[in-house]
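*Asks:* Next comes the structure file query-v5.pdb, holding PDB, C-alpha atoms, pLDDT in the B column.
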ATOM      1  CA  MET A   4     -57.613  37.919  -3.576  1.00 40.00           C
ATOM      2  CA  LEU A   5     -59.211  37.769  -0.123  1.00 43.00           C
ATOM      3  CA  HIS A   6     -62.226  36.086  -1.666  1.00 45.00           C
ATOM      4  CA  ASP A   7     -59.905  33.428  -3.099  1.00 45.00           C
ATOM      5  CA  MET A   8     -58.276  32.917   0.312  1.00 44.00           C
ATOM      6  CA  ARG A   9     -61.634  32.602   2.047  1.00 47.00           C
ATOM      7  CA  SER A  10     -62.673  29.904  -0.405  1.00 47.00           C
ATOM      8  CA  ILE A  11     -59.706  27.629   0.374  1.00 47.00           C
ATOM      9  CA  PRO A  12     -61.059  24.537   2.136  1.00 51.00           C
ATOM     10  CA  GLU A  13     -59.982  23.894   5.722  1.00 52.00           C
ATOM     11  CA  HIS A  14     -58.566  20.507   4.808  1.00 50.00           C
ATOM     12  CA  THR A  15     -55.931  22.004   2.440  1.00 49.00           C
ATOM     13  CA  ALA A  16     -53.023  20.866   4.637  1.00 45.00           C
ATOM     14  CA  SER A  17     -54.028  17.221   4.339  1.00 49.00           C
ATOM     15  CA  THR A  18     -55.066  17.274   0.662  1.00 53.00           C
ATOM     16  CA  ASN A  19     -51.628  16.374  -0.714  1.00 52.00           C
ATOM     17  CA  ALA A  20     -51.259  13.437   1.669  1.00 51.00           C
ATOM     18  CA  GLN A  21     -54.739  12.137   0.784  1.00 55.00           C
ATOM     19  CA  GLU A  22     -54.025  12.430  -2.957  1.00 56.00           C
ATOM     20  CA  ALA A  23     -50.814  10.438  -2.551  1.00 50.00           C
ATOM     21  CA  LEU A  24     -52.671   7.690  -0.711  1.00 50.00           C
ATOM     22  CA  GLU A  25     -55.368   7.497  -3.403  1.00 57.00           C
ATOM     23  CA  SER A  26     -52.881   7.520  -6.303  1.00 56.00           C
ATOM     24  CA  GLY A  27     -51.746   3.977  -5.732  1.00 56.00           C
ATOM     25  CA  PRO A  28     -48.569   2.146  -4.758  1.00 58.00           C
ATOM     26  CA  ASP A  29     -46.307   3.828  -7.348  1.00 66.00           C
ATOM     27  CA  VAL A  30     -46.652   7.248  -5.725  1.00 62.00           C
ATOM     28  CA  PRO A  31     -44.430   7.697  -2.647  1.00 72.00           C
ATOM     29  CA  TYR A  32     -46.023   8.537   0.660  1.00 76.00           C
ATOM     30  CA  PRO A  33     -45.578  12.132   1.777  1.00 77.00           C
ATOM     31  CA  THR A  34     -42.687  12.636   4.131  1.00 86.00           C
ATOM     32  CA  LYS A  35     -42.825  14.369   7.511  1.00 84.00           C
ATOM     33  CA  GLU A  36     -41.172  17.325   5.805  1.00 87.00           C
ATOM     34  CA  ASP A  37     -43.974  17.400   3.181  1.00 86.00           C
ATOM     35  CA  ALA A  38     -46.602  17.371   5.927  1.00 86.00           C
ATOM     36  CA  ALA A  39     -44.767  20.083   7.894  1.00 87.00           C
ATOM     37  CA  SER A  40     -44.442  22.226   4.772  1.00 89.00           C
ATOM     38  CA  ALA A  41     -48.130  21.818   3.943  1.00 90.00           C
ATOM     39  CA  THR A  42     -49.045  22.831   7.498  1.00 89.00           C
ATOM     40  CA  VAL A  43     -46.836  25.923   7.314  1.00 89.00           C
ATOM     41  CA  GLU A  44     -48.447  26.913   4.005  1.00 91.00           C
ATOM     42  CA  ALA A  45     -51.939  26.430   5.465  1.00 91.00           C
ATOM     43  CA  ILE A  46     -51.008  28.630   8.463  1.00 88.00           C
ATOM     44  CA  LEU A  47     -49.619  31.312   6.146  1.00 89.00           C
ATOM     45  CA  THR A  48     -52.813  31.264   4.076  1.00 90.00           C
ATOM     46  CA  GLU A  49     -54.984  31.601   7.184  1.00 87.00           C
ATOM     47  CA  VAL A  50     -52.901  34.419   8.675  1.00 85.00           C
ATOM     48  CA  ALA A  51     -52.775  36.320   5.371  1.00 87.00           C
ATOM     49  CA  SER A  52     -56.529  36.060   5.104  1.00 86.00           C
ATOM     50  CA  TRP A  53     -57.353  37.505   8.516  1.00 78.00           C
ATOM     51  CA  VAL A  54     -54.588  40.119   8.410  1.00 78.00           C
ATOM     52  CA  GLY A  55     -55.984  41.296   5.083  1.00 78.00           C
ATOM     53  CA  GLU A  56     -59.483  41.513   6.504  1.00 77.00           C
ATOM     54  CA  LEU A  57     -58.274  43.555   9.485  1.00 72.00           C
ATOM     55  CA  ARG A  58     -56.240  45.839   7.228  1.00 72.00           C
ATOM     56  CA  CYS A  59     -59.255  46.520   5.012  1.00 74.00           C
ATOM     57  CA  ALA A  60     -61.436  47.328   8.012  1.00 68.00           C
ATOM     58  CA  SER A  61     -58.953  49.755   9.533  1.00 65.00           C
ATOM     59  CA  MET A  62     -58.013  51.370   6.207  1.00 68.00           C
ATOM     60  CA  SER A  63     -61.587  52.401   5.448  1.00 69.00           C
ATOM     61  CA  ARG A  64     -61.472  54.769   8.416  1.00 66.00           C
ATOM     62  CA  LEU A  65     -58.073  56.093   7.360  1.00 66.00           C
ATOM     63  CA  VAL A  66     -59.382  56.966   3.916  1.00 68.00           C
ATOM     64  CA  GLN A  67     -62.154  58.961   5.566  1.00 67.00           C
ATOM     65  CA  SER A  68     -59.604  60.841   7.691  1.00 69.00           C
ATOM     66  CA  HIS A  69     -57.311  61.536   4.681  1.00 77.00           C
ATOM     67  CA  VAL A  70     -54.269  59.585   5.937  1.00 86.00           C
ATOM     68  CA  SER A  71     -52.432  57.709   3.192  1.00 86.00           C
ATOM     69  CA  MET A  72     -50.935  54.244   3.536  1.00 85.00           C
ATOM     70  CA  SER A  73     -47.397  55.623   3.257  1.00 88.00           C
ATOM     71  CA  GLN A  74     -48.155  58.128   6.011  1.00 92.00           C
ATOM     72  CA  MET A  75     -49.622  55.372   8.169  1.00 90.00           C
ATOM     73  CA  HIS A  76     -46.494  53.301   7.570  1.00 91.00           C
ATOM     74  CA  VAL A  77     -44.364  56.180   8.872  1.00 95.00           C
ATOM     75  CA  LEU A  78     -46.597  56.482  11.936  1.00 95.00           C
ATOM     76  CA  TRP A  79     -46.347  52.747  12.658  1.00 92.00           C
ATOM     77  CA  LEU A  80     -42.556  52.897  12.355  1.00 95.00           C
ATOM     78  CA  LEU A  81     -42.418  55.823  14.776  1.00 96.00           C
ATOM     79  CA  GLN A  82     -44.765  54.069  17.174  1.00 93.00           C
ATOM     80  CA  HIS A  83     -42.677  50.901  17.069  1.00 91.00           C
ATOM     81  CA  HIS A  84     -39.180  52.416  17.094  1.00 93.00           C
ATOM     82  CA  GLY A  85     -39.842  55.698  18.883  1.00 94.00           C
ATOM     83  CA  ALA A  86     -38.751  59.178  17.844  1.00 95.00           C
ATOM     84  CA  MET A  87     -35.831  59.130  15.420  1.00 96.00           C
ATOM     85  CA  PRO A  88     -33.715  61.333  13.176  1.00 95.00           C
ATOM     86  CA  MET A  89     -34.753  61.772   9.538  1.00 93.00           C
ATOM     87  CA  SER A  90     -31.761  59.740   8.324  1.00 93.00           C
ATOM     88  CA  LYS A  91     -32.852  56.708  10.377  1.00 95.00           C
ATOM     89  CA  LEU A  92     -36.451  57.071   9.187  1.00 95.00           C
ATOM     90  CA  ALA A  93     -35.295  57.269   5.557  1.00 94.00           C
ATOM     91  CA  ASP A  94     -33.267  54.065   6.087  1.00 94.00           C
ATOM     92  CA  LEU A  95     -36.257  52.242   7.576  1.00 93.00           C
ATOM     93  CA  LEU A  96     -38.479  53.422   4.727  1.00 93.00           C
ATOM     94  CA  GLY A  97     -35.862  52.448   2.142  1.00 93.00           C
ATOM     95  CA  VAL A  98     -35.985  55.891   0.508  1.00 94.00           C
ATOM     96  CA  SER A  99     -33.576  58.783   0.039  1.00 94.00           C
ATOM     97  CA  LEU A 100     -33.331  61.453   2.714  1.00 93.00           C
ATOM     98  CA  SER A 101     -34.896  64.020   0.363  1.00 94.00           C
ATOM     99  CA  ASN A 102     -37.829  61.688  -0.346  1.00 94.00           C
ATOM    100  CA  ALA A 103     -38.372  61.073   3.386  1.00 93.00           C
ATOM    101  CA  THR A 104     -38.160  64.824   4.029  1.00 94.00           C
ATOM    102  CA  GLY A 105     -40.928  65.432   1.475  1.00 94.00           C
ATOM    103  CA  ILE A 106     -43.159  62.831   3.128  1.00 94.00           C
ATOM    104  CA  ILE A 107     -42.490  64.283   6.592  1.00 95.00           C
ATOM    105  CA  ASP A 108     -43.069  67.873   5.394  1.00 95.00           C
ATOM    106  CA  ARG A 109     -46.552  66.916   4.151  1.00 94.00           C
ATOM    107  CA  MET A 110     -47.271  64.994   7.343  1.00 95.00           C
ATOM    108  CA  GLU A 111     -46.121  67.917   9.508  1.00 95.00           C
ATOM    109  CA  THR A 112     -48.485  70.264   7.654  1.00 94.00           C
ATOM    110  CA  ASN A 113     -51.368  67.974   8.691  1.00 92.00           C
ATOM    111  CA  LYS A 114     -50.069  67.643  12.286  1.00 94.00           C
ATOM    112  CA  LEU A 115     -49.475  63.921  11.766  1.00 96.00           C
ATOM    113  CA  ILE A 116     -45.863  64.271  12.932  1.00 96.00           C
ATOM    114  CA  GLU A 117     -43.738  66.766  14.848  1.00 96.00           C
ATOM    115  CA  ARG A 118     -40.068  67.638  14.573  1.00 95.00           C
ATOM    116  CA  VAL A 119     -38.401  68.160  17.950  1.00 94.00           C
ATOM    117  CA  ARG A 120     -34.877  69.257  18.832  1.00 91.00           C
ATOM    118  CA  VAL A 121     -32.869  67.193  21.288  1.00 87.00           C
ATOM    119  CA  PRO A 122     -32.051  69.435  24.301  1.00 87.00           C
ATOM    120  CA  ASP A 123     -28.498  68.076  24.696  1.00 88.00           C
ATOM    121  CA  ASP A 124     -27.685  68.434  20.985  1.00 85.00           C
ATOM    122  CA  ARG A 125     -29.689  71.194  19.272  1.00 81.00           C
ATOM    123  CA  ARG A 126     -28.368  70.051  15.883  1.00 85.00           C
ATOM    124  CA  LEU A 127     -30.225  66.745  16.188  1.00 90.00           C
ATOM    125  CA  VAL A 128     -33.881  66.892  15.123  1.00 91.00           C
ATOM    126  CA  LEU A 129     -36.115  63.920  15.836  1.00 95.00           C
ATOM    127  CA  VAL A 130     -39.388  63.021  14.159  1.00 97.00           C
ATOM    128  CA  GLN A 131     -42.230  61.797  16.359  1.00 96.00           C
ATOM    129  CA  PRO A 132     -45.999  61.353  15.954  1.00 96.00           C
ATOM    130  CA  GLY A 133     -48.005  64.567  16.303  1.00 95.00           C
ATOM    131  CA  PRO A 134     -51.522  64.876  17.737  1.00 94.00           C
ATOM    132  CA  GLU A 135     -53.286  63.883  14.513  1.00 93.00           C
ATOM    133  CA  GLY A 136     -50.810  61.053  13.923  1.00 94.00           C
ATOM    134  CA  ARG A 137     -51.410  59.642  17.395  1.00 94.00           C
ATOM    135  CA  ARG A 138     -55.144  59.911  16.762  1.00 92.00           C
ATOM    136  CA  ALA A 139     -54.837  58.075  13.416  1.00 89.00           C
ATOM    137  CA  VAL A 140     -52.800  55.247  14.983  1.00 90.00           C
ATOM    138  CA  SER A 141     -55.174  55.012  17.940  1.00 90.00           C
ATOM    139  CA  GLN A 142     -58.206  54.942  15.669  1.00 86.00           C
ATOM    140  CA  THR A 143     -56.670  52.254  13.448  1.00 83.00           C
ATOM    141  CA  GLU A 144     -55.678  50.112  16.420  1.00 84.00           C
ATOM    142  CA  SER A 145     -59.125  50.569  17.972  1.00 86.00           C
ATOM    143  CA  THR A 146     -60.804  49.491  14.742  1.00 81.00           C
ATOM    144  CA  LYS A 147     -58.613  46.382  14.531  1.00 80.00           C
ATOM    145  CA  ARG A 148     -59.206  45.558  18.190  1.00 87.00           C
ATOM    146  CA  ASP A 149     -62.981  45.985  17.851  1.00 86.00           C
ATOM    147  CA  GLY A 150     -62.974  43.787  14.767  1.00 81.00           C
ATOM    148  CA  MET A 151     -60.955  41.084  16.514  1.00 85.00           C
ATOM    149  CA  ARG A 152     -63.184  41.288  19.605  1.00 91.00           C
ATOM    150  CA  SER A 153     -66.199  40.639  17.382  1.00 90.00           C
ATOM    151  CA  VAL A 154     -64.449  37.715  15.664  1.00 87.00           C
ATOM    152  CA  ILE A 155     -63.288  36.194  18.965  1.00 92.00           C
ATOM    153  CA  GLY A 156     -66.843  36.555  20.254  1.00 95.00           C
ATOM    154  CA  ARG A 157     -67.890  34.058  17.584  1.00 95.00           C
ATOM    155  CA  LEU A 158     -65.551  31.393  18.978  1.00 95.00           C
ATOM    156  CA  SER A 159     -66.937  28.881  21.430  1.00 97.00           C
ATOM    157  CA  ALA A 160     -65.784  28.948  25.049  1.00 96.00           C
ATOM    158  CA  SER A 161     -63.724  25.799  24.386  1.00 97.00           C
ATOM    159  CA  GLU A 162     -62.060  27.262  21.253  1.00 96.00           C
ATOM    160  CA  ARG A 163     -60.831  30.477  22.897  1.00 96.00           C
ATOM    161  CA  PRO A 164     -58.123  28.927  25.130  1.00 96.00           C
ATOM    162  CA  VAL A 165     -56.834  26.889  22.164  1.00 96.00           C
ATOM    163  CA  VAL A 166     -56.567  30.028  20.021  1.00 93.00           C
ATOM    164  CA  LEU A 167     -54.905  31.909  22.893  1.00 95.00           C
ATOM    165  CA  GLU A 168     -52.267  29.209  23.347  1.00 96.00           C
ATOM    166  CA  ALA A 169     -51.598  29.067  19.595  1.00 93.00           C
ATOM    167  CA  LEU A 170     -51.179  32.849  19.470  1.00 91.00           C
ATOM    168  CA  ARG A 171     -48.818  32.758  22.449  1.00 94.00           C
ATOM    169  CA  SER A 172     -46.766  30.127  20.634  1.00 94.00           C
ATOM    170  CA  LEU A 173     -46.632  32.380  17.561  1.00 90.00           C
ATOM    171  CA  ARG A 174     -45.577  35.324  19.768  1.00 90.00           C
ATOM    172  CA  ARG A 175     -42.722  33.275  21.262  1.00 93.00           C
ATOM    173  CA  ALA A 176     -41.563  32.276  17.779  1.00 92.00           C
ATOM    174  CA  LEU A 177     -41.813  35.886  16.567  1.00 88.00           C
ATOM    175  CA  ASN A 178     -39.809  37.139  19.548  1.00 90.00           C
ATOM    176  CA  ALA A 179     -37.102  34.558  18.849  1.00 91.00           C
ATOM    177  CA  GLU A 180     -37.008  35.564  15.170  1.00 89.00           C
ATOM    178  CA  VAL A 181     -36.812  39.276  16.002  1.00 86.00           C
ATOM    179  CA  GLU A 182     -34.054  38.721  18.557  1.00 87.00           C
ATOM    180  CA  SER A 183     -31.990  36.802  15.999  1.00 87.00           C
ATOM    181  CA  SER A 184     -32.428  39.497  13.327  1.00 77.00           C
ATOM    182  CA  ALA A 185     -29.598  42.005  13.076  1.00 64.00           C
ATOM    183  CA  THR A 186     -31.741  44.434  11.075  1.00 59.00           C
ATOM    184  CA  HIS A 187     -34.593  44.742  13.559  1.00 55.00           C
ATOM    185  CA  ARG A 188     -33.956  47.404  16.190  1.00 51.00           C
ATOM    186  CA  HIS A 189     -36.385  48.625  18.811  1.00 48.00           C
ATOM    187  CA  HIS A 190     -36.869  52.133  20.136  1.00 41.00           C
ATOM    188  CA  PHE A 191     -34.438  51.454  22.995  1.00 37.00           C
ATOM    189  CA  ALA A 192     -31.596  51.128  20.481  1.00 39.00           C
ATOM    190  CA  ASP A 193     -29.200  54.014  19.964  1.00 39.00           C
ATOM    191  CA  ILE A 194     -31.213  56.462  17.840  1.00 36.00           C
ATOM    192  CA  THR A 195     -28.212  58.479  16.680  1.00 37.00           C
ATOM    193  CA  ASN A 196     -26.877  55.679  14.457  1.00 35.00           C
TER     194      ASN A 196
END
Here is a file; write its structure as structure tokens.
*Replies:*
Amino acid sequence: MLHDMRSIPEHTASTNAQEALESGPDVPYPTKEDAASATVEAILTEVASWVGELRCASMSRLVQSHVSMSQMHVLWLLQHHGAMPMSKLADLLGVSLSNATGIIDRMETNKLIERVRVPDDRRLVLVQPGPEGRRAVSQTESTKRDGMRSVIGRLSASERPVVLEALRSLRRALNAEVESSATHRHHFADITN
């Protein structure tokens, strides 16, 4: 699939407009909405391609360290949302509490996660990354960062500020989307819900 994405020509976004122009007077010109849609699709294709490449690079190290994708997903959730009760983790994973407990039991055996009691309420047990889990996340993030550093190093000095501004624009749009989403909660949210 990644090979197919890499082989998509850079001019994909303008292909439909060019075809309409060459088809003759009976074919309507593309609208602004058509052009905007084609641009969005081209962006999605590009992002999917490089995200997939980064994922493959970081996953090869995980396989060597015997961390599964589902375990890594749990670790990323805990890193993003912070320590949480099993019920909240099960909700985020979209699995039953017993299923989540099985996953966490296996991860605890390998020191990927730790269960800790809340001092103010000893009945409440939170799940958080353990030493091996923190190492796995750090290693994965380091691999991705090293890969991106190498890629960015191939950009010209004039291309880098353009890419930086485009990424900042994407970050602003992502922040706005996250803030408008009722289902997305950060680690500073009430963890007992």
*Asks:* Would you list the residues near (-32.9, 55.6, 8.4) (no more than 12 Å away, in the coordinates of the file, using all atoms listed in the file) as JSON, numbers by chain?
*Replies:* {"A": [77, 80, 81, 84, 86, 87, 88, 89, 90, 91, 92, 93, 94, 95, 96, 97, 98, 99, 100, 101, 102, 103, 104, 129, 130, 186, 188, 194, 195, 196]}
*Asks:* What is the atom CA of Arg125 of chain A-atom CA of His76 of chain A distance in Å, reported with one decimal?
*Replies:*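 Here the two named atoms are 27.2 Å from each other.
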*Asks:* Taking into account only C-alpha atoms, which residue in the set A:Leu57, A:Ala176, A:Leu78, A:Ile106 is nearest to Arg152 of chain A?
*Replies:*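 Among the listed residues, A:Leu57 lies closest to Arg152 of chain A.
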*Asks:* Would you mind reading off the distance between atom CA of Arg58 of chain A and atom CA of Gly150 of chain A, one decimal, in Å?
*Replies:* 10.3 Å
*Asks:* Quick one: pull the distance between atom CA of Leu170 of chain A and atom CA of Ile46 of chain A, Å, one decimal.
*Replies:*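 Between atom CA of Leu170 of chain A and atom CA of Ile46 of chain A the gap is 11.8 Å.
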*Asks:* Return as JSON lines the residues of segment 99-129 of chain A lying at most 9 Å from segment 134-139 of chain A, together with the closest atom-to-atom pair for each and the distance in Å to one decimal, counting all atoms listed in the file, with rows in chain order and ascending residue number.
*Replies:*
{"residue": "A:Met110", "atom": "CA", "partner": "A:Gly136", "partner_atom": "CA", "distance": 8.4}
{"residue": "A:Asn113", "atom": "CA", "partner": "A:Glu135", "partner_atom": "CA", "distance": 7.4}
{"residue": "A:Lys114", "atom": "CA", "partner": "A:Glu135", "partner_atom": "CA", "distance": 5.4}
{"residue": "A:Leu115", "atom": "CA", "partner": "A:Gly136", "partner_atom": "CA", "distance": 3.8}
{"residue": "A:Ile116", "atom": "CA", "partner": "A:Gly136", "partner_atom": "CA", "distance": 6.0}
{"residue": "A:Glu117", "atom": "CA", "partner": "A:Pro134", "partner_atom": "CA", "distance": 8.5}
*Asks:* Deliver the residues from the most recent selection as a file, using C-alpha atoms, as a compact mmCIF listing (two decimals), in the coordinates of the input.
*Replies:*
# COMPACT_ATOMS: atom_id res chain seq x y z
CA MET A 110 -47.27 64.99 7.34
CA ASN A 113 -51.37 67.97 8.69
CA LYS A 114 -50.07 67.64 12.29
CA LEU A 115 -49.48 63.92 11.77
CA ILE A 116 -45.86 64.27 12.93
CA GLU A 117 -43.74 66.77 14.85
